[in-house]
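Below: coords17.pdb (PDB, C-alpha atoms)
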ATOM      1  CA  MET A   1    -138.510-173.404  93.777
ATOM      2  CA  SER A   2    -141.101-174.026  91.135
ATOM      3  CA  LEU A   3    -141.638-171.975  88.033
ATOM      4  CA  GLU A   4    -142.847-168.769  89.547
ATOM      5  CA  ALA A   5    -144.336-166.326  87.122
ATOM      6  CA  SER A   6    -146.107-163.392  88.645
ATOM      7  CA  PHE A   7    -147.887-160.921  86.450
ATOM      8  CA  VAL A   8    -150.204-158.022  87.121
ATOM      9  CA  ASP A   9    -153.310-156.882  85.317
ATOM     10  CA  ASN A  10    -155.716-154.168  86.428
ATOM     11  CA  LEU A  11    -157.723-156.577  88.557
ATOM     12  CA  SER A  12    -155.421-159.218  89.963
ATOM     13  CA  VAL A  13    -151.985-160.792  90.291
ATOM     14  CA  PHE A  14    -151.245-164.386  89.317
ATOM     15  CA  SER A  15    -148.487-166.626  90.583
ATOM     16  CA  ILE A  16    -147.809-169.572  88.254
ATOM     17  CA  TRP A  17    -145.830-172.635  89.323
ATOM     18  CA  ARG A  18    -144.384-175.235  86.951
ATOM     19  CA  ALA A  19    -143.205-178.632  88.105
ATOM     20  CA  SER A  20    -142.372-181.830  86.249
ATOM     21  CA  PRO A  21    -143.296-184.510  88.768
ATOM     22  CA  CYS A  22    -143.555-187.255  86.187
ATOM     23  CA  PRO A  23    -140.636-188.703  84.300
ATOM     24  CA  PRO A  24    -140.879-188.030  80.564
ATOM     25  CA  PRO A  25    -142.283-191.031  78.739
ATOM     26  CA  SER A  26    -139.894-193.020  76.604
ATOM     27  CA  SER A  27    -140.619-193.087  72.903
ATOM     28  CA  SER A  28    -142.068-196.581  73.282
ATOM     29  CA  SER A  29    -144.254-195.898  76.310
ATOM     30  CA  ALA A  30    -147.871-194.834  76.250
ATOM     31  CA  PRO A  31    -149.140-191.825  78.247
ATOM     32  CA  SER A  32    -150.687-194.284  80.683
ATOM     33  CA  SER A  33    -147.149-195.048  81.894
ATOM     34  CA  LEU A  34    -147.291-191.727  83.737
ATOM     35  CA  SER A  35    -150.456-192.657  85.610
ATOM     36  CA  PRO A  36    -149.163-194.110  88.918
ATOM     37  CA  PHE A  37    -146.767-191.235  89.583
ATOM     38  CA  ARG A  38    -149.279-188.657  88.371
ATOM     39  CA  GLU A  39    -152.080-190.147  90.457
ATOM     40  CA  LYS A  40    -149.874-190.034  93.563
ATOM     41  CA  PHE A  41    -148.863-186.431  92.833
ATOM     42  CA  ASP A  42    -152.490-185.394  92.147
ATOM     43  CA  ALA A  43    -153.750-186.958  95.368
ATOM     44  CA  TRP A  44    -151.030-185.279  97.452
ATOM     45  CA  TYR A  45    -151.359-181.915  95.724
ATOM     46  CA  SER A  46    -155.148-181.822  96.017
ATOM     47  CA  ALA A  47    -155.437-183.079  99.610
ATOM     48  CA  ASP A  48    -152.297-181.600 101.192
ATOM     49  CA  HIS A  49    -150.448-178.966  99.195
ATOM     50  CA  LEU A  50    -153.315-176.979  97.642
ATOM     51  CA  PRO A  51    -155.277-176.453 100.896
ATOM     52  CA  TRP A  52    -152.045-175.414 102.642
ATOM     53  CA  ALA A  53    -151.151-173.041  99.790
ATOM     54  CA  PHE A  54    -154.619-171.464  99.973
ATOM     55  CA  LYS A  55    -154.202-170.895 103.706
ATOM     56  CA  ILE A  56    -150.777-169.292 103.278
ATOM     57  CA  PHE A  57    -151.486-167.327 100.111
ATOM     58  CA  LYS A  58    -154.935-166.070 101.069
ATOM     59  CA  CYS A  59    -155.509-166.034  97.324
ATOM     60  CA  ASP A  60    -158.814-165.495  95.521
ATOM     61  CA  LYS A  61    -158.742-168.624  93.374
ATOM     62  CA  ALA A  62    -156.471-171.418  92.184
ATOM     63  CA  TRP A  63    -156.268-173.623  89.104
ATOM     64  CA  ARG A  64    -154.233-176.748  88.321
ATOM     65  CA  PHE A  65    -153.294-177.974  84.866
ATOM     66  CA  TRP A  66    -151.433-180.841  83.211
ATOM     67  CA  SER A  67    -149.664-179.988  79.978
ATOM     68  CA  GLU A  68    -150.979-181.567  76.803
ATOM     69  CA  VAL A  69    -147.727-180.681  75.019
ATOM     70  CA  GLU A  70    -145.215-181.884  77.643
ATOM     71  CA  PRO A  71    -146.527-185.027  79.341
ATOM     72  CA  GLY A  72    -145.741-184.968  83.031
ATOM     73  CA  VAL A  73    -145.625-181.169  83.385
ATOM     74  CA  HIS A  74    -147.949-179.724  86.012
ATOM     75  CA  TYR A  75    -148.943-176.076  86.420
ATOM     76  CA  ALA A  76    -150.610-174.427  89.404
ATOM     77  CA  VAL A  77    -151.960-170.892  89.153
ATOM     78  CA  TYR A  78    -152.965-168.746  92.122
ATOM     79  CA  ARG A  79    -154.845-165.448  91.734
ATOM     80  CA  PHE A  80    -154.218-162.663  94.233
ATOM     81  CA  ALA A  81    -156.169-159.455  94.795
ATOM     82  CA  ASP A  82    -153.080-157.330  94.098
ATOM     83  CA  LYS A  83    -149.280-157.354  93.832
ATOM     84  CA  ALA A  84    -148.829-156.524  97.529
ATOM     85  CA  ALA A  85    -150.816-159.623  98.531
ATOM     86  CA  CYS A  86    -148.758-161.776  96.168
ATOM     87  CA  ASP A  87    -145.460-160.339  97.414
ATOM     88  CA  ALA A  88    -146.490-160.812 101.045
ATOM     89  CA  ALA A  89    -147.438-164.453 100.441
ATOM     90  CA  LEU A  90    -144.293-165.324  98.503
ATOM     91  CA  GLY A  91    -142.079-163.564 101.035
ATOM     92  CA  SER A  92    -143.551-165.200 104.120
ATOM     93  CA  ALA A  93    -141.903-167.757 106.396
ATOM     94  CA  GLU A  94    -144.963-169.965 105.880
ATOM     95  CA  PHE A  95    -144.307-169.986 102.128
ATOM     96  CA  LYS A  96    -140.713-171.096 102.743
ATOM     97  CA  GLU A  97    -142.057-173.986 104.825
ATOM     98  CA  LEU A  98    -144.519-174.885 102.043
ATOM     99  CA  VAL A  99    -141.615-175.056  99.574
ATOM    100  CA  ALA A 100    -139.558-177.114 102.047
ATOM    101  CA  ASP A 101    -142.478-179.524 102.468
ATOM    102  CA  PHE A 102    -142.723-179.899  98.679
ATOM    103  CA  SER A 103    -138.995-180.730  98.572
ATOM    104  CA  ARG A 104    -139.301-183.253 101.424
ATOM    105  CA  THR A 105    -142.327-184.908  99.849
ATOM    106  CA  TRP A 106    -140.784-185.057  96.368
ATOM    107  CA  PRO A 107    -137.009-185.267  96.986
ATOM    108  CA  GLU A 108    -136.382-187.001  93.660
ATOM    109  CA  GLY A 109    -138.145-187.162  90.336
ATOM    110  CA  VAL A 110    -139.585-183.644  90.362
ATOM    111  CA  THR A 111    -137.919-180.941  88.305
ATOM    112  CA  ARG A 112    -138.871-177.402  89.280
ATOM    113  CA  THR A 113    -137.803-174.170  87.629
ATOM    114  CA  SER A 114    -138.522-170.525  88.271
ATOM    115  CA  ASP A 115    -139.002-167.394  86.228
ATOM    116  CA  ILE A 116    -140.858-164.109  86.609
ATOM    117  CA  VAL A 117    -142.859-162.682  83.720
ATOM    118  CA  THR A 118    -144.887-159.495  83.406
ATOM    119  CA  LEU A 119    -148.148-159.347  81.503
ATOM    120  CA  ALA A 120    -147.631-157.009  78.569
ATOM    121  CA  GLU A 121    -151.117-157.102  77.070
ATOM    122  CA  GLU A 122    -154.503-158.732  77.486
ATOM    123  CA  ARG A 123    -157.377-158.720  74.994
ATOM    124  CA  GLY A 124    -160.837-160.155  74.814
ATOM    125  CA  ALA A 125    -162.474-161.465  71.677
ATOM    126  CA  PRO A 126    -163.407-158.683  69.238
TER     127      PRO A 126
END

Structure rendered as structure tokens:
Amino acid sequence: MSLEASFVDNLSVFSIWRASPCPPPSSSSAPSSLSPFREKFDAWYSADHLPWAFKIFKCDKAWRFWSEVEPGVHYAVYRFADKAACDAALGSAEFKELVADFSRTWPEGVTRTSDIVTLAEERGAP
């Protein structure tokens, strides 16, 4: 599984996934060395995985990020209406197939980890 961090606030639940689809750059390589693998991952994620995840999750919104601190680390965040909707999505047979498809598509070269975190506090600007 990917890094799965689900946390609840008063309005919504978020499921966060962390994957490292790109090999870490060597000390002598430039960030552009990640481009071919990253471009392939981006194209697949955007055209195949994300639409499928939306269909399964029935989530409100999704975001994708690439880490500026750890080159090659990708994050996907899905917002759910509530914890029950998140739990139902992550517990479904369709979700298990989505994960299996990820593993088939990226059998090597993608490190995925999982964790669950709970939001302890949220503040806006004073």

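Coordinates place atom CA of A:Lys61 at a distance of 26.5 Å from atom CA of A:Pro126.
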
For stretch 48-66 of chain A, I'd like the enclosing box, axis-aligned and padded by 6 Å on every side, reported as AutoDock Vina command-line options with centre and edge lengths in Å to one decimal.
--center_x -154.6 --center_y -173.5 --center_z 93.5 --size_x 20.4 --size_y 28.1 --size_z 32.5

Inset, instruction - Can you work out which one of A:Gly124, A:Ile56, A:Val69, A:Glu108 has the shortest atom-to-atom distance to A:Ser92, counting all atoms listed in the file? - result: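 Among A:Gly124, A:Ile56, A:Val69, A:Glu108, it is A:Ile56 that comes nearest to A:Ser92.
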
With a distance cut-off of 9 Å and only C-alpha atoms, select the neighbouring residues of A:Ala62, excluding the residue or stretch itself and same-chain residues fewer than 3 positions from it, and output the selection as a PDB file with C-alpha atoms, in the frame of the given file.
ATOM      1  CA  LEU A  50    -153.315-176.979  97.642  1.00  0.00           C
ATOM      2  CA  PHE A  54    -154.619-171.464  99.973  1.00  0.00           C
ATOM      3  CA  CYS A  59    -155.509-166.034  97.324  1.00  0.00           C
ATOM      4  CA  ALA A  76    -150.610-174.427  89.404  1.00  0.00           C
ATOM      5  CA  VAL A  77    -151.960-170.892  89.153  1.00  0.00           C
ATOM      6  CA  TYR A  78    -152.965-168.746  92.122  1.00  0.00           C
ATOM      7  CA  ARG A  79    -154.845-165.448  91.734  1.00  0.00           C
TER       8      ARG A  79
END

Legend entry - Atom-to-atom span, atom CA of A:Trp63 and atom CA of A:Tyr75, Å: 8.2 Å

Inset, instruction - Evaluate the PyMOL selection byres ((chain A and resi 99-103) around 12) and record the selected residues as a ChimeraX atom specification, following the chain and residue labels used in the document. - result: /A:1-4,17,19,21,41,44-45,48-50,52-53,56,90-98,104-112

Inset, instruction - Enter the distance from atom CA of A:Pro36 to atom CA of A:Phe57, in Å, rounded to one decimal. - result: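 Between these atoms lies a distance of 29.1 Å.
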
Inset, instruction - Could you check which of A:Glu122, A:Thr113, A:Ser46, A:Ala88 is closest to A:Arg64, using all atoms listed in the file? - result: A:Ser46
